[in-house]
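Quick look at start_32.cif (mmCIF, C-alpha atoms):
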```
data_final
loop_
_atom_site.label_atom_id
_atom_site.label_comp_id
_atom_site.auth_asym_id
_atom_site.auth_seq_id
_atom_site.Cartn_x
_atom_site.Cartn_y
_atom_site.Cartn_z
CA MET A 1 37.15 12.79 -24.87
CA THR A 2 36.54 10.53 -21.89
CA TRP A 3 37.02 10.20 -18.17
CA ARG A 4 39.39 7.50 -16.98
CA VAL A 5 40.10 5.85 -13.63
CA PHE A 6 43.56 6.05 -12.12
CA VAL A 7 44.40 3.35 -9.56
CA PRO A 8 47.08 4.60 -7.15
CA ASP A 9 50.13 2.79 -5.86
CA ALA A 10 48.90 2.38 -2.28
CA ASP A 11 52.28 1.32 -0.89
CA ARG A 12 54.04 4.27 -2.50
CA LEU A 13 51.50 6.79 -1.21
CA THR A 14 51.81 5.34 2.28
CA GLU A 15 55.59 5.72 2.11
CA LEU A 16 55.14 9.35 1.05
CA GLY A 17 52.99 10.05 4.10
CA TYR A 18 49.46 9.75 2.71
CA PRO A 19 48.14 6.52 4.25
CA ALA A 20 44.61 7.91 4.66
CA LEU A 21 44.23 8.19 0.87
CA ALA A 22 46.53 5.39 -0.21
CA GLY A 23 43.84 3.26 -1.83
CA CYS A 24 41.57 6.01 -3.15
CA CYS A 25 41.17 6.02 -6.93
CA SER A 26 41.13 9.24 -8.96
CA LEU A 27 39.51 10.39 -12.19
CA PHE A 28 41.28 12.14 -15.03
CA HIS A 29 39.78 13.62 -18.18
CA ASP A 30 41.55 13.33 -21.52
CA ALA A 31 41.23 17.07 -22.16
CA LYS A 32 40.60 18.63 -18.74
CA GLY A 33 43.05 16.55 -16.75
CA TYR A 34 42.41 16.38 -13.01
CA GLU A 35 39.02 17.75 -11.95
CA HIS A 36 38.40 18.65 -8.32
CA GLU A 37 34.72 17.88 -7.75
CA PRO A 38 34.54 14.23 -8.91
CA ASN A 39 37.73 13.46 -7.01
CA ARG A 40 36.53 15.24 -3.87
CA TYR A 41 33.45 13.04 -4.01
CA LEU A 42 35.57 9.88 -4.30
CA ARG A 43 37.75 10.98 -1.38
CA ASP A 44 34.73 11.76 0.78
CA ARG A 45 33.22 8.36 0.03
CA TYR A 46 36.52 6.55 0.51
CA ARG A 47 37.17 8.14 3.89
CA ALA A 48 33.51 7.83 4.92
CA ARG A 49 33.31 11.59 5.40
CA TRP A 50 30.08 11.61 3.42
CA VAL A 51 27.52 8.81 3.44
CA PRO A 52 24.42 9.20 1.26
CA GLU A 53 21.22 9.63 3.22
CA TYR A 54 17.81 10.29 1.71
CA LYS A 55 15.71 12.88 3.48
CA GLU A 56 13.33 10.11 4.59
CA GLY A 57 16.07 7.97 6.13
CA PRO A 58 19.11 5.72 5.54
CA THR A 59 19.96 4.45 2.06
CA GLY A 60 21.70 1.27 3.16
CA ALA A 61 24.89 2.38 1.38
CA LYS A 62 28.11 1.09 2.91
CA ARG A 63 29.71 3.32 5.50
CA GLU A 64 33.13 1.74 5.68
CA GLY A 65 35.84 3.55 3.77
CA LYS A 66 39.51 2.97 3.07
CA ARG A 67 38.89 -0.08 0.90
CA PRO A 68 40.68 0.02 -2.48
CA THR A 69 38.26 -2.45 -4.07
CA THR A 70 35.30 -0.34 -2.97
CA SER A 71 36.97 2.82 -4.28
CA LYS A 72 37.66 1.22 -7.68
CA GLY A 73 34.04 0.14 -8.04
CA GLU A 74 32.77 3.59 -7.08
CA ALA A 75 35.22 5.26 -9.48
CA ASP A 76 34.29 2.95 -12.37
CA ARG A 77 30.58 3.68 -11.92
CA LEU A 78 31.10 7.42 -11.62
CA THR A 79 33.27 7.36 -14.75
CA ASN A 80 30.54 5.59 -16.69
CA PHE A 81 27.99 8.20 -15.62
CA LEU A 82 30.21 11.19 -16.42
CA ASN A 83 31.11 9.77 -19.83
CA TRP A 84 27.42 9.18 -20.58
CA ALA A 85 26.56 12.75 -19.61
CA GLU A 86 29.41 14.19 -21.66
CA ALA A 87 28.54 12.11 -24.71
CA GLY A 88 24.99 13.44 -24.57
CA GLY A 89 26.05 17.03 -23.91
CA ILE A 90 24.21 16.98 -20.56
CA ASP A 91 25.18 19.29 -17.70
CA VAL A 92 25.08 17.18 -14.52
CA ASP A 93 24.10 20.23 -12.48
CA ARG A 94 20.93 20.66 -14.53
CA MET A 95 19.85 17.04 -14.19
CA ASN A 96 16.82 15.94 -12.21
CA TYR A 97 16.02 12.42 -11.06
CA GLU A 98 14.23 11.63 -14.32
CA CYS A 99 17.58 12.07 -16.07
CA VAL A 100 19.12 9.44 -13.79
CA LEU A 101 16.30 7.03 -14.64
CA SER A 102 16.90 7.70 -18.33
CA TYR A 103 20.59 6.90 -17.80
CA GLN A 104 19.66 3.70 -15.97
CA ASP A 105 17.01 2.53 -18.43
CA ASN A 106 19.06 3.16 -21.56
CA MET A 107 22.29 1.66 -20.26
CA ILE A 108 22.26 -1.26 -22.68
CA ALA A 109 25.13 -2.39 -24.87
CA PHE A 110 24.76 -5.03 -27.57
CA ARG A 111 27.19 -7.62 -28.77
CA PRO A 112 27.08 -7.70 -32.58
CA SER A 113 27.33 -11.49 -32.61
CA GLN A 114 24.53 -12.15 -30.14
CA GLN A 115 22.36 -9.01 -30.24
CA ARG A 116 21.40 -9.19 -26.60
CA PRO A 117 21.86 -6.86 -23.62
CA THR A 118 25.21 -7.18 -21.87
CA VAL A 119 24.48 -4.79 -19.00
CA GLY A 120 22.34 -6.53 -16.40
CA ALA A 121 19.86 -4.99 -14.01
CA ALA A 122 22.24 -5.26 -11.04
CA THR A 123 24.98 -3.32 -12.85
CA ARG A 124 22.54 -0.71 -14.09
CA ASN A 125 21.13 -0.25 -10.58
CA GLN A 126 24.60 0.14 -9.07
CA ARG A 127 25.69 2.69 -11.67
CA ALA A 128 22.48 4.68 -11.29
CA ASP A 129 22.87 4.56 -7.49
CA VAL A 130 26.30 6.16 -7.77
CA ALA A 131 24.97 8.76 -10.22
CA THR A 132 22.21 9.57 -7.71
CA PHE A 133 24.65 9.79 -4.80
CA TYR A 134 27.04 12.00 -6.76
CA LEU A 135 24.28 14.47 -7.63
CA MET A 136 23.08 14.43 -4.01
CA TRP A 137 26.64 15.16 -2.88
CA ARG A 138 26.98 18.05 -5.34
CA ALA A 139 23.74 19.53 -4.02
CA GLU A 140 24.90 19.24 -0.41
CA GLN A 141 28.21 20.90 -1.32
CA GLY A 142 26.37 23.85 -2.85
CA LEU A 143 27.56 23.04 -6.38
CA ARG A 144 24.02 22.74 -7.75
CA TRP A 145 20.43 23.18 -6.65
CA ALA A 146 18.67 20.59 -4.49
CA PHE A 147 18.45 17.12 -5.95
CA ASP A 148 15.21 15.42 -4.91
CA VAL A 149 14.98 11.64 -5.01
CA PRO A 150 11.64 9.83 -4.56
CA THR A 151 12.07 6.84 -2.27
CA LYS A 152 10.28 3.85 -0.81
CA LEU A 153 10.88 1.71 2.27
CA VAL A 154 12.31 -1.74 1.51
CA LYS A 155 13.34 -4.74 3.60
CA VAL A 156 16.90 -6.01 3.29
CA PRO A 157 17.68 -9.50 4.64
CA TYR A 158 20.90 -10.01 6.61
CA ARG A 159 22.43 -13.40 7.28
CA ASP A 160 23.35 -12.75 10.89
CA ILE A 161 21.76 -12.06 14.24
CA ARG A 162 20.47 -8.66 13.10
CA GLY A 163 17.83 -10.27 10.92
CA ASP A 164 16.04 -8.13 8.35
CA VAL A 165 16.51 -4.36 8.33
CA PHE A 166 14.53 -1.61 6.63
CA VAL A 167 16.17 1.09 4.51
CA TYR A 168 15.00 3.58 1.93
CA SER A 169 15.55 2.84 -1.74
CA ARG A 170 15.12 5.20 -4.65
CA THR A 171 12.06 4.45 -6.74
CA GLY A 172 12.57 3.17 -10.25
CA ARG A 173 15.35 0.70 -9.50
CA LEU A 174 15.18 -2.28 -11.83
CA ARG A 175 13.99 -5.63 -10.60
CA GLN A 176 16.58 -8.36 -10.88
CA SER A 177 14.98 -11.38 -12.48
CA ALA A 178 15.67 -14.91 -11.36
CA ALA A 179 17.33 -15.54 -14.72
CA GLN A 180 20.09 -13.11 -13.75
CA LEU A 181 20.90 -14.92 -10.51
CA PRO A 182 23.73 -17.48 -10.54
CA THR A 183 22.69 -21.11 -10.82
CA LEU A 184 24.09 -23.32 -8.08
CA SER A 185 25.22 -26.85 -8.83
CA LEU A 186 24.72 -29.14 -5.83
CA PRO A 187 27.10 -32.09 -5.36
CA THR A 188 25.90 -35.60 -6.04
CA ALA A 189 25.80 -38.26 -3.31
CA ALA A 190 28.98 -39.84 -4.69
CA GLN A 191 30.78 -36.49 -4.68
CA LYS A 192 29.79 -35.87 -1.07
CA LEU A 193 31.03 -39.29 0.03
CA ALA A 194 34.35 -38.69 -1.72
CA TRP A 195 34.69 -35.33 0.02
CA TYR A 196 33.85 -36.82 3.44
CA SER A 197 36.55 -39.41 2.88
CA ALA A 198 39.09 -36.72 1.98
CA VAL A 199 38.20 -34.69 5.09
CA ARG A 200 38.53 -37.79 7.30
CA THR A 201 41.96 -38.56 5.83
CA ARG A 202 43.29 -35.03 6.26
CA LEU A 203 41.57 -33.83 9.45
CA GLY A 204 40.21 -36.87 11.26
CA GLU A 205 36.86 -38.43 12.10
CA ALA A 206 35.58 -35.57 14.29
CA LYS A 207 36.12 -32.93 11.61
CA MET A 208 34.49 -35.16 9.03
CA LEU A 209 31.39 -35.64 11.19
CA ALA A 210 31.15 -31.90 11.89
CA SER A 211 31.47 -31.14 8.18
CA ARG A 212 28.89 -33.76 7.30
CA CYS A 213 26.47 -32.27 9.82
CA ILE A 214 26.74 -28.87 8.12
CA VAL A 215 26.31 -30.31 4.63
CA GLU A 216 23.43 -32.66 5.42
CA ILE A 217 21.51 -30.53 7.93
CA GLY A 218 22.50 -26.97 7.03
CA VAL A 219 23.15 -25.91 10.62
CA ARG A 220 24.26 -22.27 10.95
CA ALA A 221 26.98 -20.89 13.22
CA PHE A 222 24.70 -18.92 15.55
CA GLU A 223 22.50 -22.00 16.11
#
```
Before anything else, please render the file you have as structure tokens.
Amino acid sequence: MTWRVFVPDADRLTELGYPALAGCCSLFHDAKGYEHEPNRYLRDRYRARWVPEYKEGPTGAKREGKRPTTSKGEADRLTNFLNWAEAGGIDVDRMNYECVLSYQDNMIAFRPSQQRPTVGAATRNQRADVATFYLMWRAEQGLRWAFDVPTKLVKVPYRDIRGDVFVYSRTGRLRQSAAQLPTLSLPTAAQKLAWYSAVRTRLGEAKMLASRCIVEIGVRAFE
């Protein structure tokens, strides 16, 4: 038996008078049907009624709610965690943080043809983050005993006037290697000249020069 994600018809729910929850996904279990606690968690996260905070300080988790794409991602990750726990016969209310790290570290699937991991560090970190937040939420709701998470202070770069910010991150998150980052393909000189010509034709000389300045110099908006 497994948990599954149900994506609502946002327009229909709005018409029925539930705009505040129109884009919030739900979880259903093949045998148990609708379960209150996982869905309460998703609603609280979707409506930003509950934002995860470590006892040492902010987690850096997004505060904005009411975003269907965000709700779907959160629901997918929670589903993966609950299915993992059920498959192993593990009671989530008896888990400690070491159990979350075990979930994170053993979250590897293999393709028979290639025999290599298909779950990258970023995905494993995100899923384990949601598992951590869900157990923290259950503890705060009085559904289980306290859930302690060891943390460390990390710097997060922002590409705007705020500059770098410091937040707390749970210890044990996986490092994302450079090999997992997307490789960028820069245009050749001939490709750039062709693009400049197309911009000049469509938008004029001034727009072409402004675009060329950005491409050649890398000037940023706030400069």
Within-12 Å shell of (26.7, -33.8, 5.0) in input frame, only C-alpha atoms, as a list of chain:residue names: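 Result, sorted by chain then residue number: A:Leu186, A:Pro187, A:Thr188, A:Ala189, A:Ala190, A:Gln191, A:Lys192, A:Leu193, A:Ala194, A:Trp195, A:Tyr196, A:Ser197, A:Val199, A:Lys207, A:Met208, A:Leu209, A:Ala210, A:Ser211, A:Arg212, A:Cys213, A:Ile214, A:Val215, A:Glu216, A:Ile217, A:Gly218, A:Val219.
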Spatial neighbours of A:Arg138, 12 Å, only C-alpha atoms, chain gap at least 5 places, as a ChimeraX atom specification: /A:36-42,44,50,52,92-95,131-133,143-147
Within-10 Å shell of (29.7, 4.0, -13.2) in input frame, all atoms listed in the file, as a VMD selection string: chain A and resid 73 to 84 123 to 131
Write out, as a PDB file, in the frame of the given file, the residues just selected, with C-alpha atoms.
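out-v7.pdb, freshly written:
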```pdb
ATOM      1  CA  GLY A  73      34.040   0.140  -8.040  1.00  0.00           C
ATOM      2  CA  GLU A  74      32.770   3.590  -7.080  1.00  0.00           C
ATOM      3  CA  ALA A  75      35.220   5.260  -9.480  1.00  0.00           C
ATOM      4  CA  ASP A  76      34.290   2.950 -12.370  1.00  0.00           C
ATOM      5  CA  ARG A  77      30.580   3.680 -11.920  1.00  0.00           C
ATOM      6  CA  LEU A  78      31.100   7.420 -11.620  1.00  0.00           C
ATOM      7  CA  THR A  79      33.270   7.360 -14.750  1.00  0.00           C
ATOM      8  CA  ASN A  80      30.540   5.590 -16.690  1.00  0.00           C
ATOM      9  CA  PHE A  81      27.990   8.200 -15.620  1.00  0.00           C
ATOM     10  CA  LEU A  82      30.210  11.190 -16.420  1.00  0.00           C
ATOM     11  CA  ASN A  83      31.110   9.770 -19.830  1.00  0.00           C
ATOM     12  CA  TRP A  84      27.420   9.180 -20.580  1.00  0.00           C
ATOM     13  CA  THR A 123      24.980  -3.320 -12.850  1.00  0.00           C
ATOM     14  CA  ARG A 124      22.540  -0.710 -14.090  1.00  0.00           C
ATOM     15  CA  ASN A 125      21.130  -0.250 -10.580  1.00  0.00           C
ATOM     16  CA  GLN A 126      24.600   0.140  -9.070  1.00  0.00           C
ATOM     17  CA  ARG A 127      25.690   2.690 -11.670  1.00  0.00           C
ATOM     18  CA  ALA A 128      22.480   4.680 -11.290  1.00  0.00           C
ATOM     19  CA  ASP A 129      22.870   4.560  -7.490  1.00  0.00           C
ATOM     20  CA  VAL A 130      26.300   6.160  -7.770  1.00  0.00           C
ATOM     21  CA  ALA A 131      24.970   8.760 -10.220  1.00  0.00           C
TER      22      ALA A 131
END
```
Residues matched by the PyMOL selection byres ((chain A and resi 11-22) around 8) as a list of chain:residue names: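 Answer for the PyMOL selection byres ((chain A and resi 11-22) around 8): A:Pro8, A:Asp9, A:Ala10, A:Gly23, A:Cys24, A:Arg43, A:Tyr46, A:Arg47, A:Lys66.
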Export C-alpha atoms of the chosen residues as an mmCIF file, in the frame of the given file?
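Just written: selection_2.cif:
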```cif
data_model
loop_
_atom_site.group_PDB
_atom_site.id
_atom_site.type_symbol
_atom_site.label_atom_id
_atom_site.label_comp_id
_atom_site.auth_asym_id
_atom_site.auth_seq_id
_atom_site.Cartn_x
_atom_site.Cartn_y
_atom_site.Cartn_z
ATOM 1 C CA PRO A 8 47.080 4.600 -7.150
ATOM 2 C CA ASP A 9 50.130 2.790 -5.860
ATOM 3 C CA ALA A 10 48.900 2.380 -2.280
ATOM 4 C CA GLY A 23 43.840 3.260 -1.830
ATOM 5 C CA CYS A 24 41.570 6.010 -3.150
ATOM 6 C CA ARG A 43 37.750 10.980 -1.380
ATOM 7 C CA TYR A 46 36.520 6.550 0.510
ATOM 8 C CA ARG A 47 37.170 8.140 3.890
ATOM 9 C CA LYS A 66 39.510 2.970 3.070
#
```
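Computed from the coordinates, the atom CA of A:Leu135 to atom CA of A:Lys32 distance equals 20.2 Å.
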